[in-house]
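*Asks:* Next up is a structure, given as structure tokens.
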Amino acid sequence: MENYFYERLDDLFDRREICTGRRLKRFLQRQNFSVNGKRVYTRGERIAVYHDQLTLDGEPFCLPPDLNLVMNKVKGCLCTTKAGEYKTVYDYIPQEYFRKIMLNKLPTLHTVGRLDGDTEGLLILTTNGDLSHNLAVPENEVSKKYFVQLRDCVDDKMKSIYIEKCSQGIELPPLWNSQGFKTSPSTLLFINDNQCELTVTEGKYHEVKRIFAALDNQVIYLKRIEMGNFCLPPDLSPGMCREMTEKEILLLLKKN
């Protein structure tokens, strides 16, 4: 994942709908396509549009980087593109970003995973499918930290039980169309008797709420505050979003 900024040329051209992998080979044979002054002949060449200088027949070849946004999601909006009686997270995104996507012919902007309608906090949106895949698949074990407020206060003895059960993984029963499963080990830190921080590496359907329901408690407030090593920016007001820096993207992908 550390090589996120580097992408195979055929994958990049196909994703940006410049040409297919089959046509790319012919394109490279006929055109002088160079990366940092060196002509490229193979479609498997790995390039980083963030850093590399691209030219076509000696002229600069503009290939804008993907758009990556960080949002401080508010309660009551949904991570969906379908309009309805509720607002979606896309209603909070300034139009300038959609114009940038159209102008640069970038892929569709989408959320990295989802937050429930009543969950607040850190949400990543991107036009890069590889980034969202790397962050979302459980196998990559990208941590997600949540601030949790519980319905019931927990005494010191029960805190220890909660912490131990989370560290061992908890059997969760099926919910709606989601199958039951045993969670991967998670880290629980209590702030006081009914507030805590839970760090999971899976982020499955309603996982945090289901964990505390299995512990005979209920989540009454939930906010995601961290992914990987990237924390929700303290100066990002609820409902606001902005572009991410390269350093911030790498923090997302970095494991503890």
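Please note that chains go A, B, ... in the order of the structure tokens, that every chain numbers its residues from 1, and that ligands are numbered from 1 in the order shown.
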May I have a table of the residues of range 192-245 of chain A lying at most 10 Å from range 115-126 of chain A, giving each one's closest pair of atoms and their distance in Å to one decimal, counting only C-alpha atoms, ordered by chain and ascending residue number, as a Markdown table?
*Replies:*
| residue | atom | partner | partner_atom | distance |
| --- | --- | --- | --- | --- |
| A:Gly203 | CA | A:Leu115 | CA | 9.5 |
| A:Tyr205 | CA | A:Asp116 | CA | 9.1 |
| A:His206 | CA | A:Asp116 | CA | 7.6 |
| A:Ile220 | CA | A:Asp118 | CA | 9.3 |
| A:Tyr221 | CA | A:Thr119 | CA | 7.2 |
| A:Leu222 | CA | A:Thr119 | CA | 5.2 |
| A:Lys223 | CA | A:Glu120 | CA | 4.5 |
| A:Arg224 | CA | A:Gly121 | CA | 4.7 |
| A:Ile225 | CA | A:Leu122 | CA | 5.6 |
| A:Glu226 | CA | A:Leu122 | CA | 6.7 |
| A:Met227 | CA | A:Leu122 | CA | 7.8 |
| A:Phe230 | CA | A:Leu122 | CA | 9.4 |
| A:Cys231 | CA | A:Leu122 | CA | 7.8 |
| A:Leu232 | CA | A:Leu122 | CA | 5.4 |
| A:Pro233 | CA | A:Leu122 | CA | 8.5 |
| A:Leu236 | CA | A:Leu122 | CA | 9.8 |
| A:Ser237 | CA | A:Gly121 | CA | 9.8 |
| A:Pro238 | CA | A:Gly121 | CA | 7.7 |
| A:Gly239 | CA | A:Gly121 | CA | 9.0 |
| A:Cys241 | CA | A:Leu123 | CA | 9.1 |
| A:Glu243 | CA | A:Leu125 | CA | 9.5 |
| A:Met244 | CA | A:Ile124 | CA | 9.2 |
*Asks:* Which residues of range 95-155 of chain A have any atom within 10 Å of an atom in range 164-187 of chain A when counting only C-alpha atoms, and what is the closest pair of atoms for each, with the distance in Å to one decimal? Order the rows by chain and rising number and write it as a Markdown table.
*Replies:*
| residue | atom | partner | partner_atom | distance |
| --- | --- | --- | --- | --- |
| A:Pro138 | CA | A:Ser184 | CA | 9.3 |
| A:Glu141 | CA | A:Ser184 | CA | 9.4 |
| A:Ser143 | CA | A:Ser186 | CA | 9.2 |
| A:Lys144 | CA | A:Ser186 | CA | 9.9 |
| A:Lys145 | CA | A:Thr187 | CA | 9.0 |
*Asks:* Those same residues - all heavy atoms - I'd like them written as a short mmCIF file (atom, residue, chain, number, x, y, z; two decimals), in the first residue's frame.
*Replies:*
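The resulting out21.cif:
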data_model
loop_
_atom_site.label_atom_id
_atom_site.label_comp_id
_atom_site.auth_asym_id
_atom_site.auth_seq_id
_atom_site.Cartn_x
_atom_site.Cartn_y
_atom_site.Cartn_z
N PRO A 138 -11.18 -5.93 4.63
CA PRO A 138 -10.72 -6.34 5.96
C PRO A 138 -9.32 -6.93 5.98
O PRO A 138 -8.60 -6.82 6.97
CB PRO A 138 -11.77 -7.39 6.38
CG PRO A 138 -12.99 -7.06 5.56
CD PRO A 138 -12.45 -6.54 4.26
N GLU A 141 -6.48 -4.75 7.06
CA GLU A 141 -6.48 -4.39 8.49
C GLU A 141 -6.16 -2.90 8.72
O GLU A 141 -5.34 -2.55 9.57
CB GLU A 141 -5.49 -5.26 9.26
CG GLU A 141 -5.85 -6.74 9.25
CD GLU A 141 -4.92 -7.58 10.09
OE1 GLU A 141 -3.81 -7.11 10.43
OE2 GLU A 141 -5.30 -8.72 10.43
N SER A 143 -6.99 0.28 10.40
CA SER A 143 -7.74 0.54 11.62
C SER A 143 -8.71 1.71 11.45
O SER A 143 -8.44 2.67 10.71
CB SER A 143 -6.79 0.82 12.78
OG SER A 143 -6.00 1.97 12.53
N LYS A 144 -9.86 1.61 12.14
CA LYS A 144 -10.84 2.68 12.20
C LYS A 144 -11.20 2.90 13.67
O LYS A 144 -11.65 1.97 14.34
CB LYS A 144 -12.10 2.34 11.41
CG LYS A 144 -11.93 2.25 9.89
CD LYS A 144 -11.74 0.85 9.43
CE LYS A 144 -11.67 0.75 7.91
NZ LYS A 144 -11.24 -0.60 7.47
N LYS A 145 -10.95 4.11 14.14
CA LYS A 145 -11.20 4.42 15.55
C LYS A 145 -12.47 5.26 15.68
O LYS A 145 -12.67 6.23 14.94
CB LYS A 145 -10.02 5.16 16.16
CG LYS A 145 -10.21 5.45 17.67
CD LYS A 145 -9.06 6.28 18.23
CE LYS A 145 -7.79 5.47 18.33
NZ LYS A 145 -6.72 6.22 19.04
#
*Asks:* Find the distance between CA of Lys87 in chain A and CA of Phe147 in chain A and write it in Å to one decimal.
*Replies:* 23.3 Å
*Asks:* For a quick check of understanding, using only C-alpha atoms, which of A:Tyr146, A:Leu67, A:Arg210, A:Gly84 has the smallest distance to Arg99 in chain A?
*Replies:* A:Leu67
*Asks:* Residues within 12 Å of range 128-132 of chain A, please, as a VMD selection string. Count only C-alpha atoms; anything in the same chain fewer than 6 positions from it doesn't count.
*Replies:* chain A and resid 1 to 8 11 to 12 15 to 16 65 to 69 101 106 to 114 138 140 142 249 to 250 252 to 253
*Asks:* Using backbone DSSP assignments, extract all alpha helix (DSSP H) residues from range 33-236 of chain A; output them as a PyMOL selection string.
*Replies:* chain A and resi 95-103+129-136+156-168+207-214
*Asks:* Keeping N, CA and C atoms, export the residues of the selection given above as a compact mmCIF listing (two decimals), in the first residue's frame.
*Replies:*
# COMPACT_ATOMS: atom_id res chain seq x y z
N GLN A 95 -19.59 22.50 -5.36
CA GLN A 95 -19.70 22.20 -6.78
C GLN A 95 -18.34 22.28 -7.49
N GLU A 96 -17.43 23.05 -6.92
CA GLU A 96 -16.11 23.19 -7.57
C GLU A 96 -15.41 21.84 -7.72
N TYR A 97 -15.66 20.91 -6.79
CA TYR A 97 -15.03 19.60 -6.89
C TYR A 97 -15.65 18.77 -8.02
N PHE A 98 -16.95 18.87 -8.20
CA PHE A 98 -17.59 18.15 -9.30
C PHE A 98 -17.15 18.72 -10.65
N ARG A 99 -16.98 20.05 -10.71
CA ARG A 99 -16.49 20.66 -11.94
C ARG A 99 -15.06 20.19 -12.24
N LYS A 100 -14.26 20.04 -11.19
CA LYS A 100 -12.89 19.57 -11.36
C LYS A 100 -12.87 18.15 -11.90
N ILE A 101 -13.76 17.31 -11.41
CA ILE A 101 -13.86 15.93 -11.88
C ILE A 101 -14.22 15.90 -13.36
N MET A 102 -15.20 16.71 -13.75
CA MET A 102 -15.64 16.74 -15.16
C MET A 102 -14.54 17.29 -16.06
N LEU A 103 -13.91 18.38 -15.62
CA LEU A 103 -12.88 19.01 -16.43
C LEU A 103 -11.70 18.08 -16.68
N GLY A 129 -10.43 4.01 -7.30
CA GLY A 129 -10.97 2.75 -6.79
C GLY A 129 -9.95 1.93 -6.04
N ASP A 130 -8.67 2.01 -6.43
CA ASP A 130 -7.63 1.26 -5.71
C ASP A 130 -7.50 1.74 -4.27
N LEU A 131 -7.58 3.06 -4.08
CA LEU A 131 -7.47 3.60 -2.73
C LEU A 131 -8.62 3.12 -1.86
N SER A 132 -9.84 3.22 -2.36
CA SER A 132 -10.99 2.79 -1.56
C SER A 132 -10.94 1.30 -1.27
N HIS A 133 -10.46 0.52 -2.24
CA HIS A 133 -10.34 -0.93 -2.02
C HIS A 133 -9.32 -1.23 -0.92
N ASN A 134 -8.16 -0.58 -1.00
CA ASN A 134 -7.11 -0.81 -0.01
C ASN A 134 -7.55 -0.43 1.39
N LEU A 135 -8.36 0.60 1.51
CA LEU A 135 -8.81 1.06 2.82
C LEU A 135 -9.96 0.23 3.37
N ALA A 136 -10.78 -0.32 2.48
CA ALA A 136 -12.01 -0.95 2.91
C ALA A 136 -11.91 -2.45 3.16
N ASP A 156 -15.99 -0.54 36.84
CA ASP A 156 -14.62 -0.98 36.55
C ASP A 156 -14.55 -2.46 36.22
N LYS A 157 -15.34 -3.27 36.93
CA LYS A 157 -15.31 -4.72 36.67
C LYS A 157 -15.81 -5.03 35.26
N MET A 158 -16.91 -4.38 34.86
CA MET A 158 -17.46 -4.63 33.54
C MET A 158 -16.57 -4.03 32.45
N LYS A 159 -15.89 -2.95 32.76
CA LYS A 159 -14.95 -2.38 31.78
C LYS A 159 -13.89 -3.41 31.39
N SER A 160 -13.38 -4.09 32.41
CA SER A 160 -12.37 -5.12 32.16
C SER A 160 -12.93 -6.25 31.30
N ILE A 161 -14.18 -6.62 31.55
CA ILE A 161 -14.82 -7.68 30.78
C ILE A 161 -15.01 -7.22 29.33
N TYR A 162 -15.49 -5.99 29.15
CA TYR A 162 -15.67 -5.44 27.81
C TYR A 162 -14.35 -5.46 27.04
N ILE A 163 -13.31 -4.96 27.68
CA ILE A 163 -12.00 -4.84 27.04
C ILE A 163 -11.47 -6.22 26.64
N GLU A 164 -11.61 -7.19 27.55
CA GLU A 164 -11.11 -8.53 27.26
C GLU A 164 -11.88 -9.19 26.11
N LYS A 165 -13.20 -9.06 26.13
CA LYS A 165 -14.01 -9.67 25.08
C LYS A 165 -13.70 -9.04 23.72
N CYS A 166 -13.53 -7.73 23.68
CA CYS A 166 -13.19 -7.07 22.42
C CYS A 166 -11.84 -7.55 21.90
N SER A 167 -10.89 -7.71 22.81
CA SER A 167 -9.54 -8.12 22.42
C SER A 167 -9.51 -9.55 21.89
N GLN A 168 -10.49 -10.35 22.27
CA GLN A 168 -10.54 -11.75 21.83
C GLN A 168 -11.41 -11.94 20.58
N GLU A 207 -20.92 -2.75 12.60
CA GLU A 207 -20.08 -3.56 13.49
C GLU A 207 -19.97 -2.98 14.90
N VAL A 208 -19.69 -1.69 15.01
CA VAL A 208 -19.51 -1.09 16.34
C VAL A 208 -20.79 -1.22 17.17
N LYS A 209 -21.91 -0.90 16.57
CA LYS A 209 -23.19 -0.98 17.29
C LYS A 209 -23.49 -2.43 17.69
N ARG A 210 -23.16 -3.36 16.81
CA ARG A 210 -23.44 -4.77 17.09
C ARG A 210 -22.53 -5.31 18.19
N ILE A 211 -21.30 -4.81 18.25
CA ILE A 211 -20.39 -5.23 19.31
C ILE A 211 -20.95 -4.88 20.69
N PHE A 212 -21.40 -3.65 20.84
CA PHE A 212 -21.90 -3.22 22.15
C PHE A 212 -23.27 -3.82 22.45
N ALA A 213 -24.05 -4.10 21.40
CA ALA A 213 -25.32 -4.81 21.62
C ALA A 213 -25.05 -6.21 22.16
N ALA A 214 -23.98 -6.86 21.64
CA ALA A 214 -23.60 -8.19 22.13
C ALA A 214 -23.10 -8.13 23.57
*Asks:* Hey, what does DSSP flag as strand (DSSP E or B) within range 40-181 of chain A? Can you give it to me as a CSV table (one decimal) with N, CA, C and O atoms, in the first residue's frame?
*Replies:*
chain,number,residue,atom,x,y,z
A,46,ARG,N,5.2,1.4,-14.4
A,46,ARG,CA,4.5,2.0,-13.2
A,46,ARG,C,4.8,3.4,-13.1
A,46,ARG,O,6.0,3.8,-13.1
A,47,ILE,N,3.8,4.3,-13.1
A,47,ILE,CA,4.1,5.7,-13.0
A,47,ILE,C,3.2,6.3,-11.8
A,47,ILE,O,2.2,5.7,-11.4
A,54,LEU,N,5.2,13.7,-17.5
A,54,LEU,CA,4.8,12.9,-18.6
A,54,LEU,C,4.8,13.8,-19.9
A,54,LEU,O,4.3,15.0,-19.9
A,55,THR,N,5.3,13.3,-21.0
A,55,THR,CA,5.2,14.0,-22.3
A,55,THR,C,4.8,13.1,-23.4
A,55,THR,O,5.0,11.8,-23.3
A,56,LEU,N,4.1,13.6,-24.4
A,56,LEU,CA,3.7,12.9,-25.6
A,56,LEU,C,4.2,13.7,-26.8
A,56,LEU,O,3.9,14.8,-27.0
A,59,GLU,N,5.7,17.0,-26.0
A,59,GLU,CA,4.8,18.0,-25.3
A,59,GLU,C,4.3,17.5,-24.0
A,59,GLU,O,4.0,16.3,-23.9
A,60,PRO,N,4.1,18.4,-23.0
A,60,PRO,CA,3.5,17.9,-21.7
A,60,PRO,C,2.2,17.2,-21.9
A,60,PRO,O,1.4,17.6,-22.7
A,68,ASN,N,-9.1,13.3,-3.9
A,68,ASN,CA,-9.3,12.7,-2.6
A,68,ASN,C,-9.8,13.7,-1.6
A,68,ASN,O,-9.1,14.7,-1.4
A,69,LEU,N,-10.9,13.5,-1.0
A,69,LEU,CA,-11.5,14.4,-0.1
A,69,LEU,C,-11.7,13.8,1.3
A,69,LEU,O,-11.9,12.6,1.4
A,70,VAL,N,-11.5,14.7,2.3
A,70,VAL,CA,-11.8,14.3,3.7
A,70,VAL,C,-13.0,15.1,4.1
A,70,VAL,O,-13.0,16.4,3.9
A,71,MET,N,-14.0,14.5,4.7
A,71,MET,CA,-15.2,15.2,5.2
A,71,MET,C,-15.4,14.9,6.6
A,71,MET,O,-15.2,13.8,7.1
A,72,ASN,N,-16.0,15.9,7.3
A,72,ASN,CA,-16.5,15.7,8.7
A,72,ASN,C,-18.0,15.5,8.5
A,72,ASN,O,-18.7,16.5,8.5
A,73,LYS,N,-18.4,14.3,8.4
A,73,LYS,CA,-19.8,14.0,8.1
A,73,LYS,C,-20.7,14.4,9.3
A,73,LYS,O,-20.3,14.2,10.5
A,77,CYS,N,-27.3,12.5,7.3
A,77,CYS,CA,-27.1,12.4,5.9
A,77,CYS,C,-26.5,11.0,5.6
A,77,CYS,O,-25.9,10.4,6.4
A,78,LEU,N,-26.8,10.6,4.4
A,78,LEU,CA,-26.5,9.2,4.0
A,78,LEU,C,-25.4,9.1,3.0
A,78,LEU,O,-25.2,10.0,2.2
A,87,LYS,N,-30.9,14.1,3.2
A,87,LYS,CA,-29.7,14.6,2.4
A,87,LYS,C,-28.7,13.5,2.3
A,87,LYS,O,-28.6,12.5,3.1
A,88,THR,N,-27.8,13.6,1.3
A,88,THR,CA,-26.7,12.7,1.2
A,88,THR,C,-25.4,13.5,1.4
A,88,THR,O,-25.4,14.7,1.4
A,110,HIS,N,-16.7,8.6,-5.0
A,110,HIS,CA,-17.4,7.7,-4.2
A,110,HIS,C,-16.9,7.7,-2.8
A,110,HIS,O,-15.7,8.1,-2.6
A,111,THR,N,-17.7,7.2,-1.8
A,111,THR,CA,-17.2,7.1,-0.5
A,111,THR,C,-16.4,5.9,-0.2
A,111,THR,O,-16.6,4.9,-0.9
A,119,THR,N,-24.3,8.3,12.2
A,119,THR,CA,-22.9,8.4,12.6
A,119,THR,C,-22.2,9.6,12.0
A,119,THR,O,-22.4,9.9,10.9
A,120,GLU,N,-21.4,10.2,12.8
A,120,GLU,CA,-20.7,11.4,12.4
A,120,GLU,C,-19.2,11.1,12.2
A,120,GLU,O,-18.7,10.0,12.4
A,121,GLY,N,-18.5,12.2,11.7
A,121,GLY,CA,-17.0,12.1,11.7
A,121,GLY,C,-16.4,11.8,10.4
A,121,GLY,O,-16.9,12.2,9.3
A,122,LEU,N,-15.2,11.2,10.5
A,122,LEU,CA,-14.3,11.1,9.4
A,122,LEU,C,-14.8,10.2,8.3
A,122,LEU,O,-15.1,9.1,8.4
A,123,LEU,N,-14.9,10.8,7.1
A,123,LEU,CA,-15.3,10.1,5.9
A,123,LEU,C,-14.4,10.5,4.7
A,123,LEU,O,-14.1,11.7,4.5
A,124,ILE,N,-13.9,9.5,4.0
A,124,ILE,CA,-13.1,9.7,2.8
A,124,ILE,C,-13.9,9.5,1.6
A,124,ILE,O,-14.6,8.5,1.5
A,125,LEU,N,-13.7,10.4,0.6
A,125,LEU,CA,-14.3,10.3,-0.7
A,125,LEU,C,-13.2,10.4,-1.7
A,125,LEU,O,-12.3,11.2,-1.6
A,126,THR,N,-13.2,9.6,-2.8
A,126,THR,CA,-12.2,9.5,-3.7
A,126,THR,C,-12.7,9.1,-5.1
A,126,THR,O,-13.7,8.5,-5.3
A,144,LYS,N,-9.9,1.6,12.1
A,144,LYS,CA,-10.8,2.7,12.2
A,144,LYS,C,-11.2,2.9,13.7
A,144,LYS,O,-11.6,2.0,14.3
A,145,LYS,N,-10.9,4.1,14.1
A,145,LYS,CA,-11.2,4.4,15.5
A,145,LYS,C,-12.5,5.3,15.7
A,145,LYS,O,-12.7,6.2,14.9
A,146,TYR,N,-13.3,4.9,16.6
A,146,TYR,CA,-14.6,5.5,16.9
A,146,TYR,C,-14.7,6.0,18.3
A,146,TYR,O,-14.2,5.4,19.2
A,147,PHE,N,-15.3,7.2,18.4
A,147,PHE,CA,-15.7,7.7,19.8
A,147,PHE,C,-17.1,7.2,20.0
A,147,PHE,O,-18.0,7.4,19.1
A,148,VAL,N,-17.3,6.6,21.1
A,148,VAL,CA,-18.6,5.9,21.4
A,148,VAL,C,-19.2,6.5,22.7
A,148,VAL,O,-18.5,6.5,23.7
A,149,GLN,N,-20.5,6.8,22.7
A,149,GLN,CA,-21.2,7.1,24.0
A,149,GLN,C,-22.2,6.0,24.2
A,149,GLN,O,-23.0,5.7,23.2
A,150,LEU,N,-22.2,5.4,25.3
A,150,LEU,CA,-23.1,4.3,25.6
A,150,LEU,C,-24.3,4.7,26.4
A,150,LEU,O,-24.3,5.7,27.2
A,171,GLU,N,-18.6,-12.9,19.0
A,171,GLU,CA,-19.5,-13.5,18.1
A,171,GLU,C,-20.7,-12.6,18.0
A,171,GLU,O,-21.4,-12.3,18.9
A,172,LEU,N,-21.0,-12.2,16.7
A,172,LEU,CA,-22.2,-11.3,16.5
A,172,LEU,C,-23.2,-12.1,15.7
A,172,LEU,O,-22.9,-12.8,14.7
A,175,LEU,N,-27.8,-9.8,11.3
A,175,LEU,CA,-28.6,-8.6,11.4
A,175,LEU,C,-29.1,-8.3,10.0
A,175,LEU,O,-28.3,-8.0,9.1
A,178,SER,N,-27.3,-9.2,6.8
A,178,SER,CA,-25.9,-9.4,7.1
A,178,SER,C,-25.8,-10.7,8.0
A,178,SER,O,-26.5,-10.9,9.0
A,181,PHE,N,-21.0,-13.2,12.4
A,181,PHE,CA,-19.6,-13.5,12.3
A,181,PHE,C,-18.9,-13.2,13.6
A,181,PHE,O,-19.5,-12.5,14.5
*Asks:* Between CA of Phe27 in chain A and CA of Arg39 in chain A, what is the distance, to one decimal in Å?
*Replies:*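 Between these atoms lies a distance of 12.4 Å.
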*Asks:* Name the residues in contact with Asp10 in chain A at a cut-off of 8 Å, using only C-alpha atoms, excluding same-chain residues fewer than 4 positions from it; report them as a PyMOL selection string.
*Replies:* chain A and resi 14+20-21+24+43-44
*Asks:* Measure the distance from CA of Asn217 in chain A to CA of Gln195 in chain A in Å and round it to one decimal.
*Replies:* 12.0 Å
*Asks:* Ranking A:Asp91, A:Glu17, A:Glu45, A:Asp57 by minimum distance to Met240 in chain A and counting only C-alpha atoms, which one comes first?
*Replies:*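 Between A:Asp91, A:Glu17, A:Glu45, A:Asp57, the residue approaching Met240 in chain A most closely is A:Asp91.
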